[in-house]
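*Asks:* What follows is protein21.pdb; its format and atoms are PDB, C-alpha atoms, pLDDT in the B column.
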ATOM      1  CA  MET A  13      14.657 -17.793   1.218  1.00 91.00           C
ATOM      2  CA  ILE A  14      11.917 -15.209   0.772  1.00 98.00           C
ATOM      3  CA  ARG A  15      11.077 -14.222  -2.806  1.00 98.00           C
ATOM      4  CA  LEU A  16       8.953 -11.197  -3.682  1.00 98.00           C
ATOM      5  CA  TYR A  17       7.292 -11.112  -7.075  1.00 98.00           C
ATOM      6  CA  ASP A  18       7.368  -7.399  -7.649  1.00 97.00           C
ATOM      7  CA  PHE A  19       6.545  -4.631 -10.099  1.00 96.00           C
ATOM      8  CA  LYS A  20       8.705  -1.681  -9.106  1.00 91.00           C
ATOM      9  CA  PHE A  21       6.024   0.931  -9.787  1.00 92.00           C
ATOM     10  CA  SER A  22       3.346  -0.814  -7.718  1.00 95.00           C
ATOM     11  CA  PRO A  23       2.406   0.839  -4.407  1.00 95.00           C
ATOM     12  CA  PHE A  24       1.020  -2.529  -3.284  1.00 96.00           C
ATOM     13  CA  CYS A  25       4.434  -4.141  -3.737  1.00 96.00           C
ATOM     14  CA  HIS A  26       5.984  -1.158  -2.002  1.00 94.00           C
ATOM     15  CA  ARG A  27       3.884  -1.901   1.099  1.00 96.00           C
ATOM     16  CA  VAL A  28       5.489  -5.325   1.381  1.00 97.00           C
ATOM     17  CA  LYS A  29       8.985  -3.943   0.830  1.00 95.00           C
ATOM     18  CA  ILE A  30       8.448  -1.533   3.717  1.00 95.00           C
ATOM     19  CA  VAL A  31       7.610  -4.429   6.062  1.00 96.00           C
ATOM     20  CA  LEU A  32      10.550  -6.494   4.790  1.00 96.00           C
ATOM     21  CA  ALA A  33      12.829  -3.521   5.479  1.00 93.00           C
ATOM     22  CA  GLU A  34      11.343  -2.915   8.935  1.00 93.00           C
ATOM     23  CA  LYS A  35      11.968  -6.579   9.785  1.00 95.00           C
ATOM     24  CA  GLU A  36      15.454  -6.434   8.195  1.00 94.00           C
ATOM     25  CA  LEU A  37      14.658  -9.570   6.234  1.00 96.00           C
ATOM     26  CA  ASP A  38      16.765 -10.718   3.304  1.00 96.00           C
ATOM     27  CA  TYR A  39      14.810 -11.513   0.172  1.00 97.00           C
ATOM     28  CA  GLN A  40      15.106 -11.972  -3.553  1.00 97.00           C
ATOM     29  CA  THR A  41      13.100  -9.876  -5.979  1.00 96.00           C
ATOM     30  CA  VAL A  42      11.502 -11.434  -9.051  1.00 97.00           C
ATOM     31  CA  ASN A  43      10.486  -8.620 -11.385  1.00 97.00           C
ATOM     32  CA  ILE A  44       7.074  -9.006 -13.025  1.00 98.00           C
ATOM     33  CA  ASP A  45       6.596  -6.399 -15.740  1.00 97.00           C
ATOM     34  CA  LEU A  46       2.890  -5.563 -15.795  1.00 95.00           C
ATOM     35  CA  MET A  47       3.362  -3.450 -18.928  1.00 93.00           C
ATOM     36  CA  LYS A  48       4.490  -6.601 -20.756  1.00 96.00           C
ATOM     37  CA  LYS A  49       1.644  -8.595 -19.165  1.00 96.00           C
ATOM     38  CA  GLU A  50       4.069 -10.921 -17.426  1.00 97.00           C
ATOM     39  CA  ASN A  51       1.427 -11.252 -14.716  1.00 97.00           C
ATOM     40  CA  ARG A  52      -0.785 -13.072 -17.224  1.00 97.00           C
ATOM     41  CA  THR A  53       1.689 -15.811 -18.081  1.00 97.00           C
ATOM     42  CA  GLU A  54       0.837 -19.402 -17.195  1.00 97.00           C
ATOM     43  CA  GLN A  55       3.829 -19.537 -14.854  1.00 96.00           C
ATOM     44  CA  PHE A  56       2.734 -16.498 -12.841  1.00 97.00           C
ATOM     45  CA  LEU A  57      -0.926 -17.496 -12.795  1.00 97.00           C
ATOM     46  CA  ARG A  58       0.088 -20.729 -11.084  1.00 96.00           C
ATOM     47  CA  LEU A  59       1.355 -18.540  -8.231  1.00 97.00           C
ATOM     48  CA  ASN A  60      -1.632 -16.208  -8.192  1.00 97.00           C
ATOM     49  CA  PRO A  61      -4.638 -17.095 -10.378  1.00 97.00           C
ATOM     50  CA  ILE A  62      -5.906 -13.518  -9.951  1.00 97.00           C
ATOM     51  CA  GLY A  63      -2.819 -12.323 -11.823  1.00 97.00           C
ATOM     52  CA  LYS A  64      -1.847  -9.523  -9.466  1.00 97.00           C
ATOM     53  CA  VAL A  65       1.344  -8.549  -7.669  1.00 98.00           C
ATOM     54  CA  PRO A  66       2.709  -8.701  -5.074  1.00 98.00           C
ATOM     55  CA  VAL A  67       3.171 -12.400  -4.457  1.00 98.00           C
ATOM     56  CA  LEU A  68       5.426 -13.610  -1.678  1.00 98.00           C
ATOM     57  CA  ALA A  69       7.088 -17.025  -1.555  1.00 98.00           C
ATOM     58  CA  ASP A  70       8.568 -18.073   1.780  1.00 97.00           C
ATOM     59  CA  ASP A  71      10.099 -21.468   1.088  1.00 93.00           C
ATOM     60  CA  ASP A  72       7.088 -23.526  -0.091  1.00 93.00           C
ATOM     61  CA  LEU A  73       4.437 -21.075   1.110  1.00 97.00           C
ATOM     62  CA  ILE A  74       2.906 -18.832  -1.577  1.00 98.00           C
ATOM     63  CA  ILE A  75       0.842 -15.798  -0.526  1.00 98.00           C
ATOM     64  CA  ALA A  76      -0.818 -13.079  -2.595  1.00 97.00           C
ATOM     65  CA  ASP A  77      -2.383  -9.723  -1.578  1.00 97.00           C
ATOM     66  CA  SER A  78      -0.251  -7.121   0.181  1.00 98.00           C
ATOM     67  CA  ALA A  79      -2.410  -6.919   3.322  1.00 97.00           C
ATOM     68  CA  ILE A  80      -2.341 -10.699   3.827  1.00 98.00           C
ATOM     69  CA  ILE A  81       1.379 -10.859   3.053  1.00 98.00           C
ATOM     70  CA  ASN A  82       2.147  -8.150   5.599  1.00 98.00           C
ATOM     71  CA  GLU A  83       0.117  -9.824   8.341  1.00 98.00           C
ATOM     72  CA  TYR A  84       1.922 -13.085   7.625  1.00 98.00           C
ATOM     73  CA  LEU A  85       5.340 -11.407   7.768  1.00 98.00           C
ATOM     74  CA  ASN A  86       4.441  -9.738  11.044  1.00 98.00           C
ATOM     75  CA  ASP A  87       3.272 -13.012  12.586  1.00 97.00           C
ATOM     76  CA  GLU A  88       6.121 -15.132  11.250  1.00 98.00           C
ATOM     77  CA  TYR A  89       8.886 -12.594  11.939  1.00 97.00           C
ATOM     78  CA  PRO A  90       7.624 -10.707  15.011  1.00 93.00           C
ATOM     79  CA  PHE A  91      10.458  -8.223  15.555  1.00 95.00           C
ATOM     80  CA  PRO A  92       9.783  -5.371  15.431  1.00 95.00           C
ATOM     81  CA  GLU A  93       6.099  -5.829  16.126  1.00 97.00           C
ATOM     82  CA  LEU A  94       3.920  -3.941  13.640  1.00 97.00           C
ATOM     83  CA  ALA A  95       0.488  -4.669  15.099  1.00 97.00           C
ATOM     84  CA  PRO A  96      -1.107  -3.726  18.418  1.00 96.00           C
ATOM     85  CA  GLU A  97      -1.270  -6.243  21.254  1.00 94.00           C
ATOM     86  CA  ASP A  98      -4.859  -5.324  22.094  1.00 96.00           C
ATOM     87  CA  PRO A  99      -7.394  -7.300  19.972  1.00 96.00           C
ATOM     88  CA  GLN A 100      -9.683  -4.277  19.620  1.00 97.00           C
ATOM     89  CA  GLU A 101      -6.824  -2.123  18.355  1.00 97.00           C
ATOM     90  CA  THR A 102      -5.798  -4.919  15.993  1.00 97.00           C
ATOM     91  CA  ALA A 103      -9.340  -4.932  14.622  1.00 98.00           C
ATOM     92  CA  GLN A 104      -9.134  -1.171  14.149  1.00 98.00           C
ATOM     93  CA  MET A 105      -5.829  -1.601  12.346  1.00 98.00           C
ATOM     94  CA  ARG A 106      -7.516  -3.956   9.870  1.00 98.00           C
ATOM     95  CA  VAL A 107     -10.409  -1.530   9.450  1.00 98.00           C
ATOM     96  CA  TRP A 108      -7.913   1.189   8.500  1.00 98.00           C
ATOM     97  CA  VAL A 109      -6.222  -1.108   5.975  1.00 98.00           C
ATOM     98  CA  ASN A 110      -9.626  -1.727   4.384  1.00 98.00           C
ATOM     99  CA  GLN A 111     -10.365   1.994   4.349  1.00 98.00           C
ATOM    100  CA  VAL A 112      -7.040   2.750   2.679  1.00 98.00           C
ATOM    101  CA  ASN A 113      -7.854   0.179  -0.003  1.00 98.00           C
ATOM    102  CA  ALA A 114     -11.407   1.440  -0.595  1.00 98.00           C
ATOM    103  CA  LEU A 115     -10.897   5.190  -0.189  1.00 98.00           C
ATOM    104  CA  VAL A 116      -7.327   5.675  -1.403  1.00 98.00           C
ATOM    105  CA  ALA A 117      -5.885   2.779  -3.404  1.00 98.00           C
ATOM    106  CA  ASP A 118      -8.914   1.959  -5.567  1.00 97.00           C
ATOM    107  CA  PRO A 119      -9.815   5.562  -6.490  1.00 98.00           C
ATOM    108  CA  TRP A 120      -6.144   6.439  -7.016  1.00 98.00           C
ATOM    109  CA  LEU A 121      -5.829   3.576  -9.522  1.00 97.00           C
ATOM    110  CA  GLU A 122      -9.017   4.748 -11.205  1.00 97.00           C
ATOM    111  CA  LEU A 123      -7.574   8.247 -11.610  1.00 98.00           C
ATOM    112  CA  LEU A 124      -4.256   6.853 -12.820  1.00 96.00           C
ATOM    113  CA  MET A 125      -5.885   4.712 -15.501  1.00 96.00           C
ATOM    114  CA  ALA A 126      -8.035   7.648 -16.577  1.00 96.00           C
ATOM    115  CA  GLY A 127      -4.864   9.691 -17.017  1.00 95.00           C
ATOM    116  CA  PHE A 128      -3.426   7.016 -19.294  1.00 94.00           C
ATOM    117  CA  ALA A 129      -6.692   6.958 -21.253  1.00 95.00           C
ATOM    118  CA  LYS A 130      -6.608  10.729 -21.737  1.00 94.00           C
ATOM    119  CA  GLU A 131      -3.030  10.513 -23.018  1.00 93.00           C
ATOM    120  CA  LYS A 132      -4.316   8.144 -25.702  1.00 92.00           C
ATOM    121  CA  GLY A 133      -7.124  10.535 -26.599  1.00 95.00           C
ATOM    122  CA  GLU A 134      -9.803   8.294 -25.103  1.00 95.00           C
ATOM    123  CA  SER A 135     -12.879   9.677 -23.357  1.00 94.00           C
ATOM    124  CA  VAL A 136     -13.355   9.289 -19.610  1.00 94.00           C
ATOM    125  CA  ASP A 137     -16.285   9.648 -17.239  1.00 95.00           C
ATOM    126  CA  GLU A 138     -15.466  12.893 -15.422  1.00 95.00           C
ATOM    127  CA  ALA A 139     -18.317  12.473 -12.933  1.00 96.00           C
ATOM    128  CA  LYS A 140     -16.928   9.078 -11.936  1.00 96.00           C
ATOM    129  CA  LEU A 141     -13.459  10.561 -11.536  1.00 97.00           C
ATOM    130  CA  GLU A 142     -14.825  13.340  -9.334  1.00 97.00           C
ATOM    131  CA  LYS A 143     -16.332  10.669  -7.072  1.00 98.00           C
ATOM    132  CA  ALA A 144     -12.894   9.032  -6.884  1.00 98.00           C
ATOM    133  CA  ARG A 145     -11.370  12.356  -5.794  1.00 98.00           C
ATOM    134  CA  GLU A 146     -14.118  12.774  -3.194  1.00 98.00           C
ATOM    135  CA  LYS A 147     -13.319   9.353  -1.724  1.00 98.00           C
ATOM    136  CA  ILE A 148      -9.674  10.295  -1.286  1.00 98.00           C
ATOM    137  CA  LYS A 149     -10.676  13.645   0.225  1.00 98.00           C
ATOM    138  CA  SER A 150     -12.976  11.884   2.688  1.00 98.00           C
ATOM    139  CA  PHE A 151     -10.108   9.647   3.797  1.00 98.00           C
ATOM    140  CA  PHE A 152      -7.899  12.684   4.413  1.00 98.00           C
ATOM    141  CA  GLU A 153     -10.574  14.239   6.605  1.00 98.00           C
ATOM    142  CA  VAL A 154     -11.327  11.080   8.590  1.00 98.00           C
ATOM    143  CA  ALA A 155      -7.629  10.350   9.102  1.00 98.00           C
ATOM    144  CA  ASP A 156      -6.961  13.906  10.262  1.00 98.00           C
ATOM    145  CA  ARG A 157      -9.699  13.685  12.890  1.00 98.00           C
ATOM    146  CA  ASN A 158      -8.517  10.269  14.052  1.00 98.00           C
ATOM    147  CA  LEU A 159      -4.882  11.380  14.333  1.00 98.00           C
ATOM    148  CA  LYS A 160      -5.649  14.094  16.874  1.00 97.00           C
ATOM    149  CA  GLY A 161      -3.425  13.321  19.850  1.00 96.00           C
ATOM    150  CA  LYS A 162      -1.831  10.343  18.060  1.00 96.00           C
ATOM    151  CA  ASP A 163       1.392   9.811  16.161  1.00 96.00           C
ATOM    152  CA  PHE A 164      -0.104   7.071  13.984  1.00 97.00           C
ATOM    153  CA  LEU A 165      -3.521   5.662  13.057  1.00 98.00           C
ATOM    154  CA  VAL A 166      -3.848   3.223  15.965  1.00 97.00           C
ATOM    155  CA  GLY A 167      -1.427   5.018  18.267  1.00 94.00           C
ATOM    156  CA  LYS A 168       1.757   3.103  17.459  1.00 95.00           C
ATOM    157  CA  TYR A 169       3.272   2.625  14.022  1.00 96.00           C
ATOM    158  CA  SER A 170       1.530  -0.358  12.479  1.00 97.00           C
ATOM    159  CA  LEU A 171       0.502  -2.153   9.320  1.00 98.00           C
ATOM    160  CA  ALA A 172      -2.298   0.411   9.013  1.00 98.00           C
ATOM    161  CA  ASP A 173       0.191   3.223   8.456  1.00 97.00           C
ATOM    162  CA  ILE A 174       2.282   1.037   6.158  1.00 97.00           C
ATOM    163  CA  ALA A 175      -0.811   0.282   4.063  1.00 97.00           C
ATOM    164  CA  PHE A 176      -1.064   3.996   3.311  1.00 97.00           C
ATOM    165  CA  ALA A 177       2.609   4.981   3.253  1.00 95.00           C
ATOM    166  CA  PRO A 178       3.417   4.422  -0.463  1.00 94.00           C
ATOM    167  CA  TRP A 179       0.738   6.909  -1.473  1.00 94.00           C
ATOM    168  CA  VAL A 180       2.418   9.764   0.426  1.00 93.00           C
ATOM    169  CA  PHE A 181       4.364  10.544  -2.742  1.00 89.00           C
ATOM    170  CA  LEU A 182       1.757   9.643  -5.347  1.00 94.00           C
ATOM    171  CA  PHE A 183      -1.200  12.021  -5.123  1.00 96.00           C
ATOM    172  CA  ALA A 184       0.296  14.693  -7.363  1.00 93.00           C
ATOM    173  CA  LYS A 185       0.694  12.031 -10.052  1.00 93.00           C
ATOM    174  CA  VAL A 186      -3.093  11.854 -10.408  1.00 96.00           C
ATOM    175  CA  GLY A 187      -3.783  15.542  -9.790  1.00 95.00           C
ATOM    176  CA  VAL A 188      -4.963  15.213  -6.183  1.00 97.00           C
ATOM    177  CA  THR A 189      -3.955  18.006  -3.830  1.00 96.00           C
ATOM    178  CA  VAL A 190      -3.315  16.970  -0.236  1.00 96.00           C
ATOM    179  CA  PRO A 191      -5.166  19.409   2.056  1.00 96.00           C
ATOM    180  CA  ASP A 192      -3.240  21.335   4.676  1.00 95.00           C
ATOM    181  CA  LEU A 193      -4.833  19.621   7.667  1.00 97.00           C
ATOM    182  CA  PRO A 194      -2.644  19.824  10.792  1.00 96.00           C
ATOM    183  CA  ASN A 195      -2.674  16.226  11.988  1.00 98.00           C
ATOM    184  CA  LEU A 196      -2.589  14.825   8.454  1.00 98.00           C
ATOM    185  CA  SER A 197       0.419  16.961   7.517  1.00 96.00           C
ATOM    186  CA  VAL A 198       2.441  15.805  10.529  1.00 96.00           C
ATOM    187  CA  TRP A 199       1.507  12.187   9.814  1.00 97.00           C
ATOM    188  CA  PHE A 200       2.689  12.534   6.221  1.00 96.00           C
ATOM    189  CA  LYS A 201       6.029  13.838   7.476  1.00 93.00           C
ATOM    190  CA  ARG A 202       6.366  10.955   9.929  1.00 93.00           C
ATOM    191  CA  LEU A 203       5.623   8.415   7.214  1.00 93.00           C
ATOM    192  CA  SER A 204       8.000  10.015   4.717  1.00 88.00           C
ATOM    193  CA  THR A 205      10.919   9.746   7.144  1.00 82.00           C
ATOM    194  CA  LYS A 206       9.970   6.590   9.070  1.00 74.00           C
ATOM    195  CA  ASN A 207      11.516   4.111   6.696  1.00 59.00           C
ATOM    196  CA  THR A 208      14.409   4.425   4.286  1.00 53.00           C
ATOM    197  CA  VAL A 209      12.443   2.399   1.718  1.00 57.00           C
ATOM    198  CA  LEU A 210      10.129   5.354   1.274  1.00 53.00           C
ATOM    199  CA  LYS A 211      13.006   7.443  -0.032  1.00 51.00           C
ATOM    200  CA  THR A 212      12.834   5.334  -3.175  1.00 45.00           C
ATOM    201  CA  LYS A 213       9.519   6.422  -4.572  1.00 42.00           C
ATOM    202  CA  PRO A 214       7.344   3.770  -6.263  1.00 43.00           C
TER     203      PRO A 214
END
Written as structure tokens, that's how I'd like the structure from this file.
*Replies:*
Amino acid sequence: MIRLYDFKFSPFCHRVKIVLAEKELDYQTVNIDLMKKENRTEQFLRLNPIGKVPVLADDDLIIADSAIINEYLNDEYPFPELAPEDPQETAQMRVWVNQVNALVADPWLELLMAGFAKEKGESVDEAKLEKAREKIKSFFEVADRNLKGKDFLVGKYSLADIAFAPWVFLFAKVGVTVPDLPNLSVWFKRLSTKNTVLKTKP
């Protein structure tokens, strides 16, 4: 039986749930409340010494990191296939996953934490936050150019698109406006309707 150690508000966990839904795999959810620091308990740290979710257990196999988990699920449960057959396109898929992490996920988390800090009356580095917004903007522009003539980032729906999909709903939460770029806008619509999991916002 597959078990997913999950925090329901985590976009990284949401990535894995999208793949599990695409594969129509049954799994159990083990809720890890990050607000209560349940990810820092001795029991959880035995699963992932880094102390982050998601963690996936498939029988005796324990895997952490959403990108690694999703590649494992796609290899172990190959239907439907969520990676290109061509090795060069597969490499590009992994490049896009890395870009989503560096240009979307990391700066989004930075903006989110800054928002929490402001709510507490703490000071934040506005110049650093502006750089985070610029990173996200740069991803929008690069993705829009790449999507010209394509439905998805590497042509077919893949783990690259799934890596980004949870953030479709989350930019307003950190005050980022999604630009009205033609290819980007259509891609957002495709992602928002592609999988029923996305209708439950993280």
*Asks:* When the PyMOL selection byres ((chain A and resi 131-145) around 9) is applied to the file above, which residues end up in the set, as a VMD selection string?
*Replies:* chain A and resid 115 to 116 118 to 120 122 to 123 126 to 130 146 to 150 188
*Asks:* Rank nothing, just name the residue among A:Pro61, A:Gly167, A:Pro178, A:Gly161 nearest to Ile30 (chain A), using all atoms listed in the file.
*Replies:*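 That would be A:Pro178, the residue with the smallest distance to Ile30 (chain A).
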*Asks:* Determine, for each residue of region 76-103 of chain A having at least one atom at most 12 Å from an atom of region 17-21 of chain A, the closest pair of atoms and their separation in Å to one decimal, counting all atoms listed in the file; order by chain and ascending number, as a tab-separated table.
*Replies:*
residue	atom	partner	partner_atom	distance
A:Ala76	CA	A:Tyr17	CA	9.5
A:Asp77	CA	A:Tyr17	CA	11.2
A:Ser78	CA	A:Asp18	CA	10.9
A:Ile81	CA	A:Tyr17	CA	11.7
*Asks:* I'd like to know which of A:Gln100, A:Arg202, A:Ser22, A:Asn82 is closest to Ala175 (chain A), using only C-alpha atoms.
*Replies:*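 Closest residue, counting only C-alpha atoms: A:Asn82.
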*Asks:* Near region 63-73 of chain A, counting all atoms listed in the file, which residues have an atom at most 6 Å away, once you skip same-chain residues fewer than 6 positions from it, shown as a list of chain:residue names?
*Replies:*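 Surrounding residues, per the criterion: A:Met13, A:Ile14, A:Arg15, A:Leu16, A:Tyr17, A:Asp18, A:Cys25, A:Asn51, A:Arg52, A:Leu57.
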*Asks:* Work out how far apart CA of Asp173 (chain A) and CA of Met47 (chain A) are and give it in Å to one decimal.
*Replies:*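 Those two atoms sit 28.4 Å apart.
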*Asks:* Can you work out which one of A:Gly187, A:Pro99, A:Phe24, A:Ala33 has the shortest atom-to-atom distance to Asn86 (chain A), counting only C-alpha atoms?
*Replies:*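 Ranked by minimum distance to Asn86 (chain A), first place goes to A:Ala33.
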*Asks:* Let me know the residues the PyMOL selection byres ((chain A and resi 93-97) around 8) catches in the file above, as a list of chain:residue names.
*Replies:*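 Applied to this file, the PyMOL selection byres ((chain A and resi 93-97) around 8) returns A:Asn86, A:Pro90, A:Phe91, A:Pro92, A:Asp98, A:Pro99, A:Glu101, A:Thr102, A:Met105, A:Val166, A:Lys168, A:Tyr169, A:Ser170, A:Leu171.
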*Asks:* CA of Thr41 (chain A) and CA of Leu203 (chain A) are how many Å apart?
*Replies:*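 If I compute the distance from CA of Thr41 (chain A) to CA of Leu203 (chain A), I get 23.8 Å.
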*Asks:* Do you have the CA of Ile44 (chain A)-CA of Leu32 (chain A) distance handy?
*Replies:* 18.3 Å
*Asks:* The PyMOL selection byres ((chain A and resi 194) around 12) on the file shown: which residues, as a list of chain:residue names?
*Replies:*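 For this structure, the PyMOL selection byres ((chain A and resi 194) around 12) resolves to A:Phe152, A:Glu153, A:Ala155, A:Asp156, A:Arg157, A:Asn158, A:Leu159, A:Lys160, A:Gly161, A:Lys162, A:Val190, A:Pro191, A:Asp192, A:Leu193, A:Asn195, A:Leu196, A:Ser197, A:Val198, A:Trp199, A:Phe200, A:Lys201.
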*Asks:* With 8 Å of padding per side, what axis-aligned box (centre and edge lengths, Å, one decimal) covers all the listed atoms of region 13-26 of chain A? Give it as lines of an AutoDock Vina configuration file.
*Replies:*
center_x = 7.8
center_y = -8.4
center_z = -4.4
size_x = 29.6
size_y = 34.7
size_z = 27.3
*Asks:* Which one of A:Arg106, A:Lys185, A:Arg27, A:Lys206 sits closest to Leu165 (chain A) if you count all atoms listed in the file?
*Replies:* A:Arg106
*Asks:* Would you mind telling me which residue in A:Ser204, A:Leu182, A:Glu50, A:Lys35 lies nearest to Ala117 (chain A) when using only C-alpha atoms?
*Replies:*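 Using only C-alpha atoms, the shortest distance to Ala117 (chain A) belongs to A:Leu182.
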*Asks:* When distances are computed from all atoms listed in the file, which of A:Phe181, A:Arg58, A:Tyr39, A:Pro23 shows the smallest separation from Ala79 (chain A)?
*Replies:*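 Checking each candidate against Ala79 (chain A), we get A:Pro23 as the closest.
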